[in-house]
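Everything on this sheet refers to the single structure shown next.
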Amino acid sequence: MKKSIALLMAFVCTLAFAGCKAVEQDTNTQAPQVINPEVKIIEEKAEDKKVIVVSGSGSATLTPDMATAYIRVTTSDADPAKAQADNSELMSKVLEAIKAAGVKEEDITTENVSLNERYDYDKSPAVVVGYEMENVVKVTIRSIDDVGKVLGDAIAAGATGTYGLSLSVSDSSGAYQAALKAAIEEATGKADAMAEALGVVIDRVPASVNETSSSYTPNKAYDNIAPMATSEPSAEAAAEVAVNAGDLTVNARVSITFRIAEAQG
């Protein structure tokens, strides 16, 4: 009797083990089916590569109609208060001259005011021998014809230096659009030439057009304009600074993708 019961239990366990393994095998057979759709998507993307990608650049020139410049007044004295007072008086005269030359109040901005010690480095240790006061204003000149007069009058009134003269335009949008059009025309010409050489036809409507870069740099040819050699600022010393406006260049660059439509017969 005991032997029969043992054989029965062993048979039941064998069936249970076989059932568990069958379930495990069924589960594993489902995994490869997930891969098929991904393979098809990759194959479809490969078809999209029948394109021609080209780039083009264009430029346009324009004449500056405004300018910005930095005008500096520097004074020094053994007494810091005296250096500051002299600087304030001199800058007031410079500002009056700038405004009289046609620059509006809102186009004058203070950029820097500083008071620094001056040292005698021939002695060891170095000793303070005085103080230097500096005041710098940024001036925007709305008429390019007034640039020389504004700078000349400022120097004659007591400005100890000017720098950073930058010639620019008040509106460069029209010139940039012209440069952009030239860039597109160049890129389209390249695509036509490539398609002809390959014996294919391209869709005239681009698949994509990207503006990759643009540039417009104001003319900064005038780095520093030295003050006139006069012992006393005076109206008689005023002389216009020679400024040649020249031309500015606006650049544009594009990238265009054309689909290949069909092969030529």
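Quick note on naming: the chains in the structure tokens go A, B, ... in the order shown, residues restart at 1 in each chain, and ligands are numbered from 1 in order of appearance.
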
For the contact check between range 89-194 of chain A and range 68-73 of chain A, emit one row per residue of range 89-194 of chain A within 9 Å, containing the shortest atom pair and the distance in Å rounded to one decimal, counting only C-alpha atoms, chain then rising number order, as a tab-separated table.
```
residue	atom	partner	partner_atom	distance
A:Leu90	CA	A:Val73	CA	7.2
A:Met91	CA	A:Val73	CA	6.3
A:Val94	CA	A:Val73	CA	8.4
A:Glu111	CA	A:Tyr70	CA	8.4
A:Met133	CA	A:Val73	CA	8.2
A:Glu134	CA	A:Val73	CA	5.8
A:Asn135	CA	A:Val73	CA	5.3
A:Val136	CA	A:Arg72	CA	4.4
A:Val137	CA	A:Ile71	CA	5.4
A:Lys138	CA	A:Tyr70	CA	4.5
A:Val139	CA	A:Ala69	CA	5.4
A:Thr140	CA	A:Thr68	CA	4.4
A:Ile141	CA	A:Thr68	CA	6.0
A:Arg142	CA	A:Thr68	CA	8.6
A:Val147	CA	A:Thr68	CA	8.8
A:Leu151	CA	A:Ile71	CA	8.1
A:Ala154	CA	A:Ile71	CA	7.7
A:Ile155	CA	A:Ile71	CA	8.5
A:Gly158	CA	A:Val73	CA	7.3
A:Ala159	CA	A:Val73	CA	4.9
A:Thr160	CA	A:Val73	CA	5.1
A:Gly161	CA	A:Arg72	CA	5.2
A:Thr162	CA	A:Ile71	CA	4.4
A:Tyr163	CA	A:Tyr70	CA	5.3
A:Gly164	CA	A:Ala69	CA	5.4
A:Leu165	CA	A:Ala69	CA	4.3
A:Ser166	CA	A:Thr68	CA	5.3
A:Leu167	CA	A:Thr68	CA	6.7
A:Ser168	CA	A:Thr68	CA	8.2
```

**Request:** Just list the residues in range 39-246 of chain A DSSP gives helix (DSSP H, G or I) on the backbone, as a VMD selection string.
**Result:** chain A and resid 39 to 47 80 to 100 105 to 107 144 to 157 173 to 198 235 to 237

**Asked** What is the distance between CA of Val250 in chain A and CA of Ser172 in chain A, in Å to one decimal?
**Response**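 These atoms are spaced 7.9 Å apart.
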
**Lys181 in chain A environment, 12 Å, only C-alpha atoms, sequence neighbours closer than 6 positions dropped, as an NGL selection string** = :A and (56-60 or 174-175 or 187-188 or 211 or 251-254)

**Asked** Leaving out Ala100 in chain A and any residue of its chain fewer than 5 positions from it, which residues lie within 9 Å of it when counting only C-alpha atoms, given as a PyMOL selection string?
**Response** chain A and resi 95+150+153
